[in-house]
Each structure stands twice: as structure tokens, then as C-alpha cells.
file coords19.cif (mmCIF, N, CA and C atoms)
data_entry
#
loop_
_atom_site.label_atom_id
_atom_site.label_comp_id
_atom_site.auth_asym_id
_atom_site.auth_seq_id
_atom_site.Cartn_x
_atom_site.Cartn_y
_atom_site.Cartn_z
N MET A 29 6.19 -5.42 10.71
CA MET A 29 6.20 -4.22 9.89
C MET A 29 5.41 -4.50 8.61
N THR A 30 4.80 -3.48 8.10
CA THR A 30 4.09 -3.55 6.83
C THR A 30 4.78 -2.62 5.84
N ILE A 31 4.90 -3.07 4.60
CA ILE A 31 5.52 -2.28 3.54
C ILE A 31 4.43 -1.60 2.73
N TYR A 32 4.61 -0.31 2.47
CA TYR A 32 3.73 0.45 1.59
C TYR A 32 4.38 0.45 0.20
N VAL A 33 3.60 0.13 -0.83
CA VAL A 33 4.08 0.14 -2.21
C VAL A 33 3.19 1.11 -2.98
N GLY A 34 3.75 2.26 -3.37
CA GLY A 34 2.98 3.27 -4.05
C GLY A 34 3.37 3.43 -5.50
N ASN A 35 2.53 4.17 -6.21
CA ASN A 35 2.70 4.44 -7.65
C ASN A 35 2.64 3.15 -8.46
N LEU A 36 1.76 2.25 -8.05
CA LEU A 36 1.59 0.97 -8.74
C LEU A 36 0.79 1.13 -10.02
N SER A 37 1.09 0.29 -10.97
CA SER A 37 0.28 0.19 -12.17
C SER A 37 -1.10 -0.32 -11.77
N TYR A 38 -2.14 0.17 -12.42
CA TYR A 38 -3.49 -0.30 -12.13
C TYR A 38 -3.71 -1.72 -12.65
N ARG A 39 -2.76 -2.24 -13.42
CA ARG A 39 -2.84 -3.62 -13.92
C ARG A 39 -2.21 -4.62 -12.95
N ALA A 40 -1.49 -4.15 -11.92
CA ALA A 40 -0.81 -5.04 -10.98
C ALA A 40 -1.82 -5.90 -10.23
N THR A 41 -1.44 -7.16 -10.03
CA THR A 41 -2.29 -8.09 -9.29
C THR A 41 -1.57 -8.55 -8.04
N GLU A 42 -2.32 -9.22 -7.17
CA GLU A 42 -1.70 -9.78 -5.96
C GLU A 42 -0.60 -10.77 -6.35
N ALA A 43 -0.84 -11.58 -7.36
CA ALA A 43 0.16 -12.56 -7.81
C ALA A 43 1.42 -11.86 -8.32
N ASP A 44 1.26 -10.75 -9.04
CA ASP A 44 2.41 -9.98 -9.52
C ASP A 44 3.27 -9.50 -8.35
N LEU A 45 2.61 -8.92 -7.35
CA LEU A 45 3.35 -8.41 -6.18
C LEU A 45 4.02 -9.52 -5.40
N ARG A 46 3.32 -10.63 -5.23
CA ARG A 46 3.92 -11.77 -4.52
C ARG A 46 5.18 -12.24 -5.24
N ALA A 47 5.14 -12.29 -6.56
CA ALA A 47 6.29 -12.74 -7.34
C ALA A 47 7.48 -11.79 -7.16
N VAL A 48 7.23 -10.48 -7.20
CA VAL A 48 8.31 -9.51 -7.05
C VAL A 48 8.93 -9.57 -5.66
N PHE A 49 8.09 -9.60 -4.62
CA PHE A 49 8.59 -9.58 -3.26
C PHE A 49 9.14 -10.94 -2.82
N ALA A 50 8.77 -12.03 -3.50
CA ALA A 50 9.29 -13.36 -3.17
C ALA A 50 10.80 -13.44 -3.37
N ASP A 51 11.36 -12.56 -4.20
CA ASP A 51 12.81 -12.54 -4.39
C ASP A 51 13.54 -12.16 -3.10
N TYR A 52 12.83 -11.59 -2.13
CA TYR A 52 13.44 -11.10 -0.90
C TYR A 52 13.04 -11.92 0.32
N GLY A 53 12.13 -12.87 0.16
CA GLY A 53 11.71 -13.72 1.26
C GLY A 53 10.25 -14.12 1.11
N GLU A 54 9.73 -14.80 2.13
CA GLU A 54 8.36 -15.29 2.09
C GLU A 54 7.37 -14.16 2.35
N VAL A 55 6.40 -14.04 1.45
CA VAL A 55 5.37 -13.01 1.57
C VAL A 55 4.20 -13.60 2.36
N LYS A 56 3.83 -12.93 3.45
CA LYS A 56 2.70 -13.39 4.28
C LYS A 56 1.37 -12.88 3.75
N ARG A 57 1.35 -11.61 3.31
CA ARG A 57 0.07 -11.01 2.94
C ARG A 57 0.29 -9.88 1.95
N VAL A 58 -0.64 -9.75 1.01
CA VAL A 58 -0.65 -8.62 0.06
C VAL A 58 -2.07 -8.05 0.08
N VAL A 59 -2.17 -6.74 0.23
CA VAL A 59 -3.47 -6.07 0.20
C VAL A 59 -3.44 -5.01 -0.89
N LEU A 60 -4.37 -5.10 -1.83
CA LEU A 60 -4.52 -4.12 -2.92
C LEU A 60 -5.84 -3.39 -2.71
N PRO A 61 -5.84 -2.24 -2.06
CA PRO A 61 -7.10 -1.52 -1.82
C PRO A 61 -7.77 -1.09 -3.12
N THR A 62 -9.10 -1.13 -3.09
CA THR A 62 -9.88 -0.69 -4.24
C THR A 62 -10.80 0.46 -3.83
N ASP A 63 -11.18 1.24 -4.80
CA ASP A 63 -12.11 2.34 -4.59
C ASP A 63 -13.49 1.76 -4.28
N ARG A 64 -14.14 2.26 -3.25
CA ARG A 64 -15.45 1.73 -2.85
C ARG A 64 -16.51 1.90 -3.92
N GLU A 65 -16.47 3.01 -4.62
CA GLU A 65 -17.52 3.30 -5.60
C GLU A 65 -17.30 2.61 -6.94
N THR A 66 -16.06 2.60 -7.42
CA THR A 66 -15.79 2.07 -8.75
C THR A 66 -15.24 0.65 -8.74
N GLY A 67 -14.66 0.22 -7.61
CA GLY A 67 -14.04 -1.10 -7.55
C GLY A 67 -12.66 -1.13 -8.20
N ARG A 68 -12.21 0.00 -8.71
CA ARG A 68 -10.91 0.09 -9.37
C ARG A 68 -9.78 0.14 -8.34
N LEU A 69 -8.65 -0.46 -8.69
CA LEU A 69 -7.48 -0.40 -7.80
C LEU A 69 -7.09 1.05 -7.56
N ARG A 70 -6.55 1.32 -6.38
CA ARG A 70 -6.23 2.70 -6.01
C ARG A 70 -4.78 3.07 -6.30
N GLY A 71 -3.97 2.14 -6.81
CA GLY A 71 -2.61 2.48 -7.22
C GLY A 71 -1.57 2.30 -6.12
N PHE A 72 -1.95 1.61 -5.05
CA PHE A 72 -0.96 1.30 -4.01
C PHE A 72 -1.33 -0.03 -3.37
N ALA A 73 -0.39 -0.56 -2.58
CA ALA A 73 -0.61 -1.84 -1.92
C ALA A 73 0.15 -1.89 -0.61
N PHE A 74 -0.17 -2.90 0.17
CA PHE A 74 0.56 -3.18 1.41
C PHE A 74 1.03 -4.62 1.35
N VAL A 75 2.29 -4.84 1.75
CA VAL A 75 2.88 -6.17 1.71
C VAL A 75 3.47 -6.47 3.08
N ASP A 76 3.18 -7.67 3.61
CA ASP A 76 3.79 -8.16 4.85
C ASP A 76 4.66 -9.35 4.51
N MET A 77 5.85 -9.38 5.11
CA MET A 77 6.76 -10.50 4.92
C MET A 77 7.06 -11.14 6.27
N ASN A 78 7.71 -12.32 6.26
CA ASN A 78 7.96 -13.06 7.49
C ASN A 78 8.97 -12.39 8.42
N GLU A 79 10.00 -11.77 7.88
CA GLU A 79 11.07 -11.23 8.72
C GLU A 79 11.36 -9.78 8.37
N ASP A 80 11.68 -9.00 9.40
CA ASP A 80 12.01 -7.59 9.20
C ASP A 80 13.19 -7.41 8.25
N ALA A 81 14.18 -8.30 8.33
CA ALA A 81 15.36 -8.19 7.46
C ALA A 81 14.96 -8.35 6.00
N GLN A 82 14.01 -9.22 5.73
CA GLN A 82 13.52 -9.41 4.36
C GLN A 82 12.80 -8.16 3.88
N GLU A 83 11.99 -7.58 4.75
CA GLU A 83 11.26 -6.36 4.39
C GLU A 83 12.23 -5.21 4.14
N ASP A 84 13.25 -5.09 4.99
CA ASP A 84 14.24 -4.03 4.80
C ASP A 84 14.97 -4.18 3.46
N ALA A 85 15.33 -5.42 3.11
CA ALA A 85 16.01 -5.68 1.83
C ALA A 85 15.10 -5.32 0.66
N ALA A 86 13.83 -5.69 0.74
CA ALA A 86 12.88 -5.38 -0.34
C ALA A 86 12.72 -3.88 -0.49
N ILE A 87 12.61 -3.16 0.61
CA ILE A 87 12.47 -1.70 0.56
C ILE A 87 13.69 -1.08 -0.09
N THR A 88 14.87 -1.49 0.34
CA THR A 88 16.12 -0.94 -0.19
C THR A 88 16.24 -1.17 -1.69
N GLU A 89 15.91 -2.36 -2.14
CA GLU A 89 16.09 -2.72 -3.55
C GLU A 89 14.97 -2.19 -4.46
N LEU A 90 13.75 -2.12 -3.96
CA LEU A 90 12.63 -1.81 -4.84
C LEU A 90 12.21 -0.34 -4.83
N ASP A 91 12.59 0.43 -3.81
CA ASP A 91 12.21 1.85 -3.79
C ASP A 91 12.89 2.56 -4.95
N GLY A 92 12.10 3.16 -5.81
CA GLY A 92 12.62 3.87 -6.98
C GLY A 92 12.79 3.00 -8.22
N ALA A 93 12.58 1.69 -8.07
CA ALA A 93 12.72 0.79 -9.21
C ALA A 93 11.55 0.98 -10.18
N GLU A 94 11.83 0.78 -11.46
CA GLU A 94 10.77 0.85 -12.45
C GLU A 94 10.15 -0.53 -12.60
N TRP A 95 8.82 -0.57 -12.54
CA TRP A 95 8.09 -1.83 -12.65
C TRP A 95 6.76 -1.56 -13.32
N MET A 96 6.47 -2.29 -14.36
CA MET A 96 5.24 -2.13 -15.15
C MET A 96 5.09 -0.69 -15.63
N GLY A 97 6.20 -0.07 -16.01
CA GLY A 97 6.18 1.27 -16.58
C GLY A 97 6.06 2.39 -15.56
N ARG A 98 6.21 2.09 -14.28
CA ARG A 98 6.11 3.11 -13.23
C ARG A 98 7.27 3.01 -12.27
N GLN A 99 7.64 4.13 -11.67
CA GLN A 99 8.69 4.15 -10.67
C GLN A 99 8.05 3.95 -9.30
N LEU A 100 8.36 2.81 -8.67
CA LEU A 100 7.73 2.45 -7.41
C LEU A 100 8.21 3.32 -6.25
N ARG A 101 7.31 3.55 -5.30
CA ARG A 101 7.66 4.15 -4.01
C ARG A 101 7.44 3.05 -2.99
N VAL A 102 8.50 2.62 -2.34
CA VAL A 102 8.41 1.51 -1.40
C VAL A 102 9.04 1.95 -0.08
N ASN A 103 8.25 1.89 1.00
CA ASN A 103 8.77 2.26 2.31
C ASN A 103 7.94 1.60 3.40
N LYS A 104 8.35 1.82 4.65
CA LYS A 104 7.59 1.29 5.77
C LYS A 104 6.25 2.01 5.83
N ALA A 105 5.20 1.25 6.01
CA ALA A 105 3.86 1.85 6.10
C ALA A 105 3.73 2.58 7.42
N LYS A 106 3.09 3.73 7.36
CA LYS A 106 2.83 4.51 8.57
C LYS A 106 1.52 4.03 9.18
N PRO A 107 1.42 4.07 10.50
CA PRO A 107 0.15 3.67 11.12
C PRO A 107 -0.99 4.55 10.64
N ARG A 108 -2.13 3.97 10.51
CA ARG A 108 -3.31 4.70 10.07
C ARG A 108 -3.73 5.71 11.14
N GLU A 109 -4.00 6.92 10.70
CA GLU A 109 -4.41 7.96 11.64
C GLU A 109 -5.91 7.94 11.82
N ASP A 110 -6.37 8.31 13.01
CA ASP A 110 -7.79 8.39 13.29
C ASP A 110 -8.33 9.66 12.66
N ASN A 111 -9.26 9.52 11.73
CA ASN A 111 -9.81 10.67 11.02
C ASN A 111 -11.13 11.16 11.60
N SER A 112 -11.35 10.93 12.87
CA SER A 112 -12.61 11.35 13.47
C SER A 112 -12.51 12.79 13.96
N ARG A 113 -12.50 13.71 13.02
CA ARG A 113 -12.39 15.13 13.34
C ARG A 113 -13.75 15.78 13.54
N GLY A 114 -14.77 15.00 13.45
CA GLY A 114 -16.11 15.55 13.63
C GLY A 114 -16.69 16.17 12.38
N SER A 115 -16.11 15.88 11.22
CA SER A 115 -16.58 16.50 10.00
C SER A 115 -18.01 16.07 9.66
N TRP A 116 -18.44 14.94 10.15
CA TRP A 116 -19.80 14.46 9.88
C TRP A 116 -20.73 14.67 11.07
N SER A 117 -20.19 15.31 12.11
CA SER A 117 -21.02 15.51 13.29
C SER A 117 -22.08 16.58 13.03
N LYS A 118 -23.15 16.50 13.79
CA LYS A 118 -24.25 17.43 13.64
C LYS A 118 -23.82 18.83 14.09
N LYS A 119 -24.06 19.81 13.26
CA LYS A 119 -23.71 21.19 13.60
C LYS A 119 -24.80 21.82 14.44
N GLU A 120 -24.39 22.66 15.36
CA GLU A 120 -25.37 23.31 16.21
C GLU A 120 -26.03 24.46 15.46
N ASP A 121 -27.28 24.71 15.79
CA ASP A 121 -28.01 25.85 15.22
C ASP A 121 -27.62 27.12 15.95
N PHE A 122 -27.43 28.18 15.20
CA PHE A 122 -27.05 29.46 15.82
C PHE A 122 -28.19 30.43 15.75
#

call {"tool": "encode", "arguments": {"input": "coords19.cif", "output": "C-alpha cells"}}
result
Amino acid sequence: MTIYVGNLSYRATEADLRAVFADYGEVKRVVLPTDRETGRLRGFAFVDMNEDAQEDAAITELDGAEWMGRQLRVNKAKPREDNSRGSWSKKEDF
């Protein structure tokens, strides 16, 4: 399972997130997505831990908690949806 962490401070670092989630178990991976054009953090992250029980405990304890001046949204990450709706496909001439 992957944990979604939303409403993050733009000052948060991978080390900051590892430290917070380490209270609940071993952190395997932290991903902080950045904007392609500006390189600025997008205000959310994904965290993977070793065991589902550790992830569940982190979600329960951290969802709604205030951290770095913001109220965190922490839950199970949803699978990425395929966005190939054809919005960039060539339109036919009429």
C-alpha cells in the first residue's frame, strides 16, 4: 500500500517526512512530486512503509494532524487513473 499525504507545507523535505513516519515503522520510500515547469513542490507526497499495520497506524494518527502550520490529509493512495481520453488526439475535419 502507498500512503497519500496532502496539504503539505512547500518547505517539507524527504528527510522531514521520513522522520515523521519513522515513529510508526520503517519507511521504504518517500516521493515528493514537483511541478514540471517550475520545479516547485506540489504540496503532496507519497510514502511507502514496510508493513500494512505500520501504514494503517500512521494514517490513523496523522490524518488531520497539524504539521508545519498545515492540517495534513493522510490516507491510502488511490491507483492512478489512465487519462488517455483523446484530448490531444487529432480532430477530424468537417

call {"tool": "select_by_dssp", "arguments": {"input": "coords19.cif", "residues": "chain A", "states": "strand (DSSP E)", "output": "mmCIF file with N, CA and C atoms, in the frame of the given file"}}
result
data_model
loop_
_atom_site.group_PDB
_atom_site.id
_atom_site.type_symbol
_atom_site.label_atom_id
_atom_site.label_comp_id
_atom_site.auth_asym_id
_atom_site.auth_seq_id
_atom_site.Cartn_x
_atom_site.Cartn_y
_atom_site.Cartn_z
ATOM 1 N N ILE A 31 4.900 -3.070 4.600
ATOM 2 C CA ILE A 31 5.520 -2.280 3.540
ATOM 3 C C ILE A 31 4.430 -1.600 2.730
ATOM 4 N N TYR A 32 4.610 -0.310 2.470
ATOM 5 C CA TYR A 32 3.730 0.450 1.590
ATOM 6 C C TYR A 32 4.380 0.450 0.200
ATOM 7 N N VAL A 33 3.600 0.130 -0.830
ATOM 8 C CA VAL A 33 4.080 0.140 -2.210
ATOM 9 C C VAL A 33 3.190 1.110 -2.980
ATOM 10 N N GLY A 34 3.750 2.260 -3.370
ATOM 11 C CA GLY A 34 2.980 3.270 -4.050
ATOM 12 C C GLY A 34 3.370 3.430 -5.500
ATOM 13 N N VAL A 55 6.400 -14.040 1.450
ATOM 14 C CA VAL A 55 5.370 -13.010 1.570
ATOM 15 C C VAL A 55 4.200 -13.600 2.360
ATOM 16 N N LYS A 56 3.830 -12.930 3.450
ATOM 17 C CA LYS A 56 2.700 -13.390 4.280
ATOM 18 C C LYS A 56 1.370 -12.880 3.750
ATOM 19 N N ARG A 57 1.350 -11.610 3.310
ATOM 20 C CA ARG A 57 0.070 -11.010 2.940
ATOM 21 C C ARG A 57 0.290 -9.880 1.950
ATOM 22 N N VAL A 58 -0.640 -9.750 1.010
ATOM 23 C CA VAL A 58 -0.650 -8.620 0.060
ATOM 24 C C VAL A 58 -2.070 -8.050 0.080
ATOM 25 N N VAL A 59 -2.170 -6.740 0.230
ATOM 26 C CA VAL A 59 -3.470 -6.070 0.200
ATOM 27 C C VAL A 59 -3.440 -5.010 -0.890
ATOM 28 N N PHE A 72 -1.950 1.610 -5.050
ATOM 29 C CA PHE A 72 -0.960 1.300 -4.010
ATOM 30 C C PHE A 72 -1.330 -0.030 -3.370
ATOM 31 N N ALA A 73 -0.390 -0.560 -2.580
ATOM 32 C CA ALA A 73 -0.610 -1.840 -1.920
ATOM 33 C C ALA A 73 0.150 -1.890 -0.610
ATOM 34 N N PHE A 74 -0.170 -2.900 0.170
ATOM 35 C CA PHE A 74 0.560 -3.180 1.410
ATOM 36 C C PHE A 74 1.030 -4.620 1.350
ATOM 37 N N VAL A 75 2.290 -4.840 1.750
ATOM 38 C CA VAL A 75 2.880 -6.170 1.710
ATOM 39 C C VAL A 75 3.470 -6.470 3.080
ATOM 40 N N ASP A 76 3.180 -7.670 3.610
ATOM 41 C CA ASP A 76 3.790 -8.160 4.850
ATOM 42 C C ASP A 76 4.660 -9.350 4.510
ATOM 43 N N MET A 77 5.850 -9.380 5.110
ATOM 44 C CA MET A 77 6.760 -10.500 4.920
ATOM 45 C C MET A 77 7.060 -11.140 6.270
ATOM 46 N N GLU A 94 11.830 0.780 -11.460
ATOM 47 C CA GLU A 94 10.770 0.850 -12.450
ATOM 48 C C GLU A 94 10.150 -0.530 -12.600
ATOM 49 N N TRP A 95 8.820 -0.570 -12.540
ATOM 50 C CA TRP A 95 8.090 -1.830 -12.650
ATOM 51 C C TRP A 95 6.760 -1.560 -13.320
ATOM 52 N N ARG A 98 6.210 2.090 -14.280
ATOM 53 C CA ARG A 98 6.110 3.110 -13.230
ATOM 54 C C ARG A 98 7.270 3.010 -12.270
ATOM 55 N N GLN A 99 7.640 4.130 -11.670
ATOM 56 C CA GLN A 99 8.690 4.150 -10.670
ATOM 57 C C GLN A 99 8.050 3.950 -9.300
ATOM 58 N N ARG A 101 7.310 3.550 -5.300
ATOM 59 C CA ARG A 101 7.660 4.150 -4.010
ATOM 60 C C ARG A 101 7.440 3.050 -2.990
ATOM 61 N N VAL A 102 8.500 2.620 -2.340
ATOM 62 C CA VAL A 102 8.410 1.510 -1.400
ATOM 63 C C VAL A 102 9.040 1.950 -0.080
ATOM 64 N N ASN A 103 8.250 1.890 1.000
ATOM 65 C CA ASN A 103 8.770 2.260 2.310
ATOM 66 C C ASN A 103 7.940 1.600 3.400
ATOM 67 N N LYS A 104 8.350 1.820 4.650
ATOM 68 C CA LYS A 104 7.590 1.290 5.770
ATOM 69 C C LYS A 104 6.250 2.010 5.830
#

call {"tool": "resolve_selection", "arguments": {"input": "coords19.cif", "expression": "the PyMOL selection byres ((chain A and resi 56-59) around 5)", "output": "JSON, numbers by chain"}}
result
{"A": [54, 55, 60, 61, 73, 74, 75, 76, 77, 78]}

call {"tool": "atom_distance", "arguments": {"input": "coords19.cif", "atom1": "atom N of Arg101 of chain A", "atom2": "atom C of Arg70 of chain A"}}
result
12.1 Å

call {"tool": "closest_residue", "arguments": {"input": "coords19.cif", "among": "A:Ala47, A:Tyr38, A:Arg64, A:Lys104", "to": "Asp84 of chain A", "atoms": "only C-alpha atoms"}}
result
A:Lys104

call {"tool": "closest_residue", "arguments": {"input": "coords19.cif", "among": "A:Arg46, A:Gly34, A:Glu65, A:Asp51", "to": "Ala85 of chain A", "atoms": "only N, CA and C atoms"}}
result
A:Asp51

call {"tool": "resolve_selection", "arguments": {"input": "coords19.cif", "expression": "the PyMOL selection byres ((chain A and resi 96) around 8)", "output": "MDAnalysis selection string"}}
result
chainID A and resid 36:38 40 93:95 97:100

call {"tool": "write_last_selection", "arguments": {"input": "coords19.cif", "atoms": "N, CA and C atoms", "output": "PDB file, in the frame of the given file"}}
result
ATOM      1  N   LEU A  36       1.760   2.250  -8.050  1.00  0.00           N
ATOM      2  CA  LEU A  36       1.590   0.970  -8.740  1.00  0.00           C
ATOM      3  C   LEU A  36       0.790   1.130 -10.020  1.00  0.00           C
ATOM      4  N   SER A  37       1.090   0.290 -10.970  1.00  0.00           N
ATOM      5  CA  SER A  37       0.280   0.190 -12.170  1.00  0.00           C
ATOM      6  C   SER A  37      -1.100  -0.320 -11.770  1.00  0.00           C
ATOM      7  N   TYR A  38      -2.140   0.170 -12.420  1.00  0.00           N
ATOM      8  CA  TYR A  38      -3.490  -0.300 -12.130  1.00  0.00           C
ATOM      9  C   TYR A  38      -3.710  -1.720 -12.650  1.00  0.00           C
ATOM     10  N   ALA A  40      -1.490  -4.150 -11.920  1.00  0.00           N
ATOM     11  CA  ALA A  40      -0.810  -5.040 -10.980  1.00  0.00           C
ATOM     12  C   ALA A  40      -1.820  -5.900 -10.230  1.00  0.00           C
ATOM     13  N   ALA A  93      12.580   1.690  -8.070  1.00  0.00           N
ATOM     14  CA  ALA A  93      12.720   0.790  -9.210  1.00  0.00           C
ATOM     15  C   ALA A  93      11.550   0.980 -10.180  1.00  0.00           C
ATOM     16  N   GLU A  94      11.830   0.780 -11.460  1.00  0.00           N
ATOM     17  CA  GLU A  94      10.770   0.850 -12.450  1.00  0.00           C
ATOM     18  C   GLU A  94      10.150  -0.530 -12.600  1.00  0.00           C
ATOM     19  N   TRP A  95       8.820  -0.570 -12.540  1.00  0.00           N
ATOM     20  CA  TRP A  95       8.090  -1.830 -12.650  1.00  0.00           C
ATOM     21  C   TRP A  95       6.760  -1.560 -13.320  1.00  0.00           C
ATOM     22  N   GLY A  97       6.200  -0.070 -16.010  1.00  0.00           N
ATOM     23  CA  GLY A  97       6.180   1.270 -16.580  1.00  0.00           C
ATOM     24  C   GLY A  97       6.060   2.390 -15.560  1.00  0.00           C
ATOM     25  N   ARG A  98       6.210   2.090 -14.280  1.00  0.00           N
ATOM     26  CA  ARG A  98       6.110   3.110 -13.230  1.00  0.00           C
ATOM     27  C   ARG A  98       7.270   3.010 -12.270  1.00  0.00           C
ATOM     28  N   GLN A  99       7.640   4.130 -11.670  1.00  0.00           N
ATOM     29  CA  GLN A  99       8.690   4.150 -10.670  1.00  0.00           C
ATOM     30  C   GLN A  99       8.050   3.950  -9.300  1.00  0.00           C
ATOM     31  N   LEU A 100       8.360   2.810  -8.670  1.00  0.00           N
ATOM     32  CA  LEU A 100       7.730   2.450  -7.410  1.00  0.00           C
ATOM     33  C   LEU A 100       8.210   3.320  -6.250  1.00  0.00           C
TER      34      LEU A 100
END

call {"tool": "atom_distance", "arguments": {"input": "coords19.cif", "atom1": "atom C of Glu42 of chain A", "atom2": "atom N of Leu69 of chain A"}}
result
13.3 Å

call {"tool": "atom_distance", "arguments": {"input": "coords19.cif", "atom1": "atom CA of Gly92 of chain A", "atom2": "atom CA of Asp63 of chain A"}}
result
24.9 Å

call {"tool": "closest_residue", "arguments": {"input": "coords19.cif", "among": "A:Arg108, A:Thr66, A:Ile87, A:Glu79", "to": "Met29 of chain A", "atoms": "all atoms listed in the file"}}
result
A:Glu79

call {"tool": "residues_around", "arguments": {"input": "coords19.cif", "residues": "Ala105 of chain A", "least_positions_apart": "6", "cutoff": "6 Å", "atoms": "only C-alpha atoms", "output": "PyMOL selection string"}}
result
chain A and resi 30-32

call {"tool": "select_by_dssp", "arguments": {"input": "coords19.cif", "residues": "chain A", "states": "alpha helix (DSSP H)", "output": "PyMOL selection string"}}
result
chain A and resi 42-50+80-90

call {"tool": "build_atoms", "arguments": {"input": "coords19.cif", "residues": "segment 90-97 of chain A", "atoms": "all heavy atoms", "output": "tab-separated table (two decimals), keeping the file's coordinate frame"}}
result
chain	number	residue	atom	x	y	z
A	90	LEU	N	13.75	-2.12	-3.96
A	90	LEU	CA	12.63	-1.81	-4.84
A	90	LEU	C	12.21	-0.34	-4.83
A	90	LEU	O	11.56	0.11	-5.77
A	90	LEU	CB	11.42	-2.68	-4.47
A	90	LEU	CG	11.61	-4.18	-4.71
A	90	LEU	CD1	10.42	-4.96	-4.18
A	90	LEU	CD2	11.84	-4.48	-6.18
A	91	ASP	N	12.59	0.43	-3.81
A	91	ASP	CA	12.21	1.85	-3.79
A	91	ASP	C	12.89	2.56	-4.95
A	91	ASP	O	14.11	2.53	-5.08
A	91	ASP	CB	12.59	2.50	-2.46
A	91	ASP	CG	12.06	3.92	-2.35
A	91	ASP	OD1	10.93	4.17	-2.81
A	91	ASP	OD2	12.78	4.78	-1.82
A	92	GLY	N	12.10	3.16	-5.81
A	92	GLY	CA	12.62	3.87	-6.98
A	92	GLY	C	12.79	3.00	-8.22
A	92	GLY	O	13.09	3.51	-9.29
A	93	ALA	N	12.58	1.69	-8.07
A	93	ALA	CA	12.72	0.79	-9.21
A	93	ALA	C	11.55	0.98	-10.18
A	93	ALA	O	10.44	1.28	-9.78
A	93	ALA	CB	12.77	-0.66	-8.73
A	94	GLU	N	11.83	0.78	-11.46
A	94	GLU	CA	10.77	0.85	-12.45
A	94	GLU	C	10.15	-0.53	-12.60
A	94	GLU	O	10.86	-1.53	-12.76
A	94	GLU	CB	11.29	1.34	-13.80
A	94	GLU	CG	10.16	1.58	-14.77
A	94	GLU	CD	10.59	2.26	-16.04
A	94	GLU	OE1	11.49	3.11	-15.98
A	94	GLU	OE2	10.01	1.94	-17.08
A	95	TRP	N	8.82	-0.57	-12.54
A	95	TRP	CA	8.09	-1.83	-12.65
A	95	TRP	C	6.76	-1.56	-13.32
A	95	TRP	O	6.03	-0.65	-12.93
A	95	TRP	CB	7.90	-2.45	-11.26
A	95	TRP	CG	7.30	-3.81	-11.27
A	95	TRP	CD1	7.80	-4.94	-11.87
A	95	TRP	CD2	6.09	-4.22	-10.64
A	95	TRP	NE1	6.99	-6.01	-11.65
A	95	TRP	CE2	5.92	-5.59	-10.89
A	95	TRP	CE3	5.13	-3.55	-9.89
A	95	TRP	CZ2	4.84	-6.32	-10.43
A	95	TRP	CZ3	4.04	-4.27	-9.42
A	95	TRP	CH2	3.90	-5.65	-9.69
A	96	MET	N	6.47	-2.29	-14.36
A	96	MET	CA	5.24	-2.13	-15.15
A	96	MET	C	5.09	-0.69	-15.63
A	96	MET	O	3.99	-0.12	-15.64
A	96	MET	CB	4.01	-2.55	-14.35
A	96	MET	CG	3.97	-4.02	-14.01
A	96	MET	SD	2.44	-4.45	-13.13
A	96	MET	CE	1.89	-5.82	-14.12
A	97	GLY	N	6.20	-0.07	-16.01
A	97	GLY	CA	6.18	1.27	-16.58
A	97	GLY	C	6.06	2.39	-15.56
A	97	GLY	O	5.83	3.53	-15.94
